[in-house]
Amino acid sequence: MAGPVYRRVVIKLSGEYLAGSHGSGIDQPTLDRVASDLIAAQKLGTEIAVVIGGGNMIRGVEVSAKGVSRPTGDTMGMLATVMNCLALEAAIERRGTPARALSAFVMPQICELFTRSATHKYLAEGRIVLLGGGTGNPFFTTDTTAVLRAAEIGAQAVLKATNVDGIYSADPKKDPSAKRFDRLTHSEAIGGDYKVMDATAFALARETSLPIIVFSIAEPGSIGAILSGTGRGTIVAG
């Protein structure tokens with residue numbers, strides 16, 4: 001059997017996805033399924049780091065719209081991503097696979113600070129590394145965090161897990177005639193304003209020559225399928 005297409009990746013997971021059908025919080029069966037998928041994907045031979053959003057807990061933009069300053073609201077959102085990382089770390093380790101949550105914030109009683117050297121060390125040890133706290137700065141999304149961390153740790157691709165099987169010209173749930181793209185350049189993705197990732201993330205990926213693969217997380221085993229080169233998704237590269 002051929003090895004994985006990529007030897008080291010950063011997977012971007014939506015915080016909202018962890019809520020399952022509840023809309024907010026963490027749905028345990030969904031969390032457990034994601035943990036199992038990550039473990040199965042790692043067994044293909046790929047080193048895996050994960051960036052998770054915090055939208056199932058709190059969204060900084062929404063909080064700031066209600067009177068809290070944007071930097072404070074974004075910080076609250078970044079703390080929510082740490083909570084999601086801790087939950088996923090526990091779910092992975094319950095299945096016998098070592099994991100390690102790292103944070104962009106100094107919080108020694110909770111988890112270790114993110115550094116490139118620590119990430120490299122834990123990936124080499126066979127751990128799934130969970131990167132919380134966003135970039136540690138307001139005004140940046142976790143999409144941008146995923147690309148930034150991928151560039152920092154020498155990952156070969158960013159896998160953006162969504163609720164659709166790629167990038168479409170319009171929302172396929174609202175527009176049946178929406179066209180699905182198999183491949184786009186970073187510049188085409190930015191120019192098309194397709195909403196699947198923010199422009200800052202695509203621009204940083206273009207600058208660092210990082211491919212982004214957009215795929216659906218809904219089907220069990222979808223992460224492994226993308227890593228094996230058999231999954232359905234849109235590749236943004238070049």
# chains A, B, ... in the order shown; residues from 1 in each chain; ligands from 1
$ residues_around --residues "Ser36 in chain A" --least-positions-apart "5" --cutoff "12 Å" --atoms "only C-alpha atoms" --output "PyMOL selection string"
chain A and resi 29-31+41-43+88-97+128+220-224
$ write_last_selection --atoms "C-alpha atoms" --output "CSV table (one decimal), in the first residue's frame"
chain,number,residue,atom,x,y,z
A,29,PRO,CA,-20.1,11.3,20.2
A,30,THR,CA,-19.0,13.9,17.6
A,31,LEU,CA,-15.8,14.5,19.6
A,41,ALA,CA,-5.2,9.1,9.8
A,42,GLN,CA,-2.1,9.3,11.9
A,43,LYS,CA,-1.6,5.5,11.5
A,88,LEU,CA,-10.0,16.6,22.1
A,89,GLU,CA,-6.7,15.7,23.8
A,90,ALA,CA,-8.6,13.7,26.4
A,91,ALA,CA,-10.7,12.0,23.8
A,92,ILE,CA,-7.6,10.9,21.8
A,93,GLU,CA,-5.7,9.7,24.9
A,94,ARG,CA,-8.8,7.6,26.0
A,95,ARG,CA,-8.2,5.6,22.9
A,96,GLY,CA,-4.6,4.9,23.7
A,97,THR,CA,-2.9,7.4,21.4
A,128,ILE,CA,-1.1,14.2,17.9
A,220,PRO,CA,-16.0,8.9,8.9
A,221,GLY,CA,-12.5,8.3,7.5
A,222,SER,CA,-12.5,11.4,5.4
A,223,ILE,CA,-9.2,12.7,6.8
A,224,GLY,CA,-7.4,9.5,6.0
$ residues_around --residues "Ile52 in chain A" --least-positions-apart "6" --cutoff "9 Å" --atoms "only C-alpha atoms" --output "list of chain:residue names"
A:Ile11, A:Lys12, A:Leu13, A:Ser14, A:Gly15, A:Thr81, A:Val82, A:Asn84, A:Cys85, A:Leu130, A:Leu131, A:Gly132, A:Gly134, A:Thr142, A:Asp143, A:Ala146
$ write_last_selection --atoms "all heavy atoms" --output "mmCIF file, in the first residue's frame"
data_model
loop_
_atom_site.group_PDB
_atom_site.id
_atom_site.type_symbol
_atom_site.label_atom_id
_atom_site.label_comp_id
_atom_site.auth_asym_id
_atom_site.auth_seq_id
_atom_site.Cartn_x
_atom_site.Cartn_y
_atom_site.Cartn_z
ATOM 1 N N ILE A 11 -4.356 20.141 10.455
ATOM 2 C CA ILE A 11 -5.772 19.979 10.157
ATOM 3 C C ILE A 11 -6.547 21.072 10.884
ATOM 4 O O ILE A 11 -6.396 21.248 12.095
ATOM 5 C CB ILE A 11 -6.277 18.590 10.580
ATOM 6 C CG1 ILE A 11 -5.519 17.503 9.800
ATOM 7 C CG2 ILE A 11 -7.788 18.466 10.363
ATOM 8 C CD1 ILE A 11 -5.792 16.103 10.266
ATOM 9 N N LYS A 12 -7.348 21.815 10.148
ATOM 10 C CA LYS A 12 -8.178 22.871 10.747
ATOM 11 C C LYS A 12 -9.592 22.340 10.931
ATOM 12 O O LYS A 12 -10.273 22.002 9.964
ATOM 13 C CB LYS A 12 -8.195 24.122 9.860
ATOM 14 C CG LYS A 12 -9.254 25.155 10.243
ATOM 15 C CD LYS A 12 -9.061 25.714 11.626
ATOM 16 C CE LYS A 12 -10.241 26.439 12.219
ATOM 17 N NZ LYS A 12 -11.333 26.910 11.450
ATOM 18 N N LEU A 13 -10.028 22.253 12.182
ATOM 19 C CA LEU A 13 -11.371 21.781 12.511
ATOM 20 C C LEU A 13 -12.240 22.941 12.975
ATOM 21 O O LEU A 13 -11.785 23.815 13.718
ATOM 22 C CB LEU A 13 -11.314 20.735 13.626
ATOM 23 C CG LEU A 13 -10.682 19.386 13.304
ATOM 24 C CD1 LEU A 13 -10.554 18.560 14.579
ATOM 25 C CD2 LEU A 13 -11.514 18.634 12.282
ATOM 26 N N SER A 14 -13.479 22.915 12.582
ATOM 27 C CA SER A 14 -14.432 23.925 13.038
ATOM 28 C C SER A 14 -14.871 23.635 14.467
ATOM 29 O O SER A 14 -15.206 22.496 14.806
ATOM 30 C CB SER A 14 -15.657 23.914 12.110
ATOM 31 O OG SER A 14 -16.785 24.460 12.732
ATOM 32 N N GLY A 15 -14.858 24.658 15.308
ATOM 33 C CA GLY A 15 -15.387 24.483 16.656
ATOM 34 C C GLY A 15 -16.866 24.143 16.625
ATOM 35 O O GLY A 15 -17.339 23.290 17.378
ATOM 36 N N THR A 81 -10.833 28.077 22.223
ATOM 37 C CA THR A 81 -10.117 27.077 21.427
ATOM 38 C C THR A 81 -9.236 26.195 22.305
ATOM 39 O O THR A 81 -9.043 25.014 22.005
ATOM 40 C CB THR A 81 -9.249 27.728 20.324
ATOM 41 O OG1 THR A 81 -8.105 28.375 20.899
ATOM 42 C CG2 THR A 81 -10.043 28.729 19.502
ATOM 43 N N VAL A 82 -8.708 26.748 23.380
ATOM 44 C CA VAL A 82 -7.913 25.942 24.310
ATOM 45 C C VAL A 82 -8.794 24.893 24.970
ATOM 46 O O VAL A 82 -8.398 23.722 25.115
ATOM 47 C CB VAL A 82 -7.228 26.835 25.374
ATOM 48 C CG1 VAL A 82 -6.496 25.970 26.402
ATOM 49 C CG2 VAL A 82 -6.254 27.804 24.720
ATOM 50 N N ASN A 84 -11.445 23.503 23.724
ATOM 51 C CA ASN A 84 -11.704 22.460 22.727
ATOM 52 C C ASN A 84 -10.494 21.543 22.559
ATOM 53 O O ASN A 84 -10.635 20.324 22.401
ATOM 54 C CB ASN A 84 -12.070 23.098 21.389
ATOM 55 C CG ASN A 84 -13.507 23.586 21.341
ATOM 56 O OD1 ASN A 84 -14.355 23.117 22.087
ATOM 57 N ND2 ASN A 84 -13.781 24.532 20.454
ATOM 58 N N CYS A 85 -9.295 22.121 22.589
ATOM 59 C CA CYS A 85 -8.079 21.307 22.482
ATOM 60 C C CYS A 85 -7.942 20.339 23.650
ATOM 61 O O CYS A 85 -7.575 19.167 23.474
ATOM 62 C CB CYS A 85 -6.847 22.205 22.404
ATOM 63 S SG CYS A 85 -6.592 22.970 20.789
ATOM 64 N N LEU A 130 -2.218 19.334 19.491
ATOM 65 C CA LEU A 130 -3.391 20.193 19.397
ATOM 66 C C LEU A 130 -2.977 21.617 19.735
ATOM 67 O O LEU A 130 -2.487 21.881 20.836
ATOM 68 C CB LEU A 130 -4.477 19.690 20.350
ATOM 69 C CG LEU A 130 -4.760 18.177 20.198
ATOM 70 C CD1 LEU A 130 -5.533 17.642 21.359
ATOM 71 C CD2 LEU A 130 -5.472 17.908 18.892
ATOM 72 N N LEU A 131 -3.151 22.510 18.782
ATOM 73 C CA LEU A 131 -2.623 23.868 18.902
ATOM 74 C C LEU A 131 -3.752 24.837 19.238
ATOM 75 O O LEU A 131 -4.565 25.188 18.377
ATOM 76 C CB LEU A 131 -1.922 24.268 17.605
ATOM 77 C CG LEU A 131 -0.796 23.315 17.166
ATOM 78 C CD1 LEU A 131 -0.273 23.698 15.796
ATOM 79 C CD2 LEU A 131 0.331 23.308 18.189
ATOM 80 N N GLY A 132 -3.810 25.279 20.487
ATOM 81 C CA GLY A 132 -4.873 26.153 20.959
ATOM 82 C C GLY A 132 -4.421 27.589 21.108
ATOM 83 O O GLY A 132 -3.240 27.917 21.024
ATOM 84 N N GLY A 134 -5.293 30.197 19.219
ATOM 85 C CA GLY A 134 -5.143 30.981 17.999
ATOM 86 C C GLY A 134 -3.706 31.406 17.787
ATOM 87 O O GLY A 134 -2.767 30.688 18.137
ATOM 88 N N THR A 142 -8.824 31.506 13.340
ATOM 89 C CA THR A 142 -8.141 30.215 13.481
ATOM 90 C C THR A 142 -7.784 29.637 12.108
ATOM 91 O O THR A 142 -6.895 28.777 12.017
ATOM 92 C CB THR A 142 -8.987 29.214 14.285
ATOM 93 O OG1 THR A 142 -10.345 29.245 13.822
ATOM 94 C CG2 THR A 142 -8.964 29.552 15.765
ATOM 95 N N ASP A 143 -8.435 30.078 11.035
ATOM 96 C CA ASP A 143 -7.996 29.694 9.687
ATOM 97 C C ASP A 143 -6.584 30.218 9.437
ATOM 98 O O ASP A 143 -5.701 29.491 8.974
ATOM 99 C CB ASP A 143 -8.932 30.268 8.624
ATOM 100 C CG ASP A 143 -10.240 29.512 8.507
ATOM 101 O OD1 ASP A 143 -10.321 28.375 9.009
ATOM 102 O OD2 ASP A 143 -11.189 30.060 7.911
ATOM 103 N N ALA A 146 -4.066 28.280 11.450
ATOM 104 C CA ALA A 146 -3.710 26.976 10.879
ATOM 105 C C ALA A 146 -2.613 27.125 9.831
ATOM 106 O O ALA A 146 -1.650 26.348 9.799
ATOM 107 C CB ALA A 146 -4.942 26.309 10.275
#
$ select_by_dssp --residues "range 157-202 of chain A" --states "alpha helix (DSSP H)" --output "count of residues only"
11
$ closest_residue --among "A:Thr135, A:Thr234, A:Ile212, A:Leu204" --to "Ile167 in chain A" --atoms "only C-alpha atoms"
A:Thr234
$ closest_residue --among "A:Val196, A:Val51, A:Ile226, A:Ala237" --to "Asp171 in chain A" --atoms "only C-alpha atoms"
A:Val196
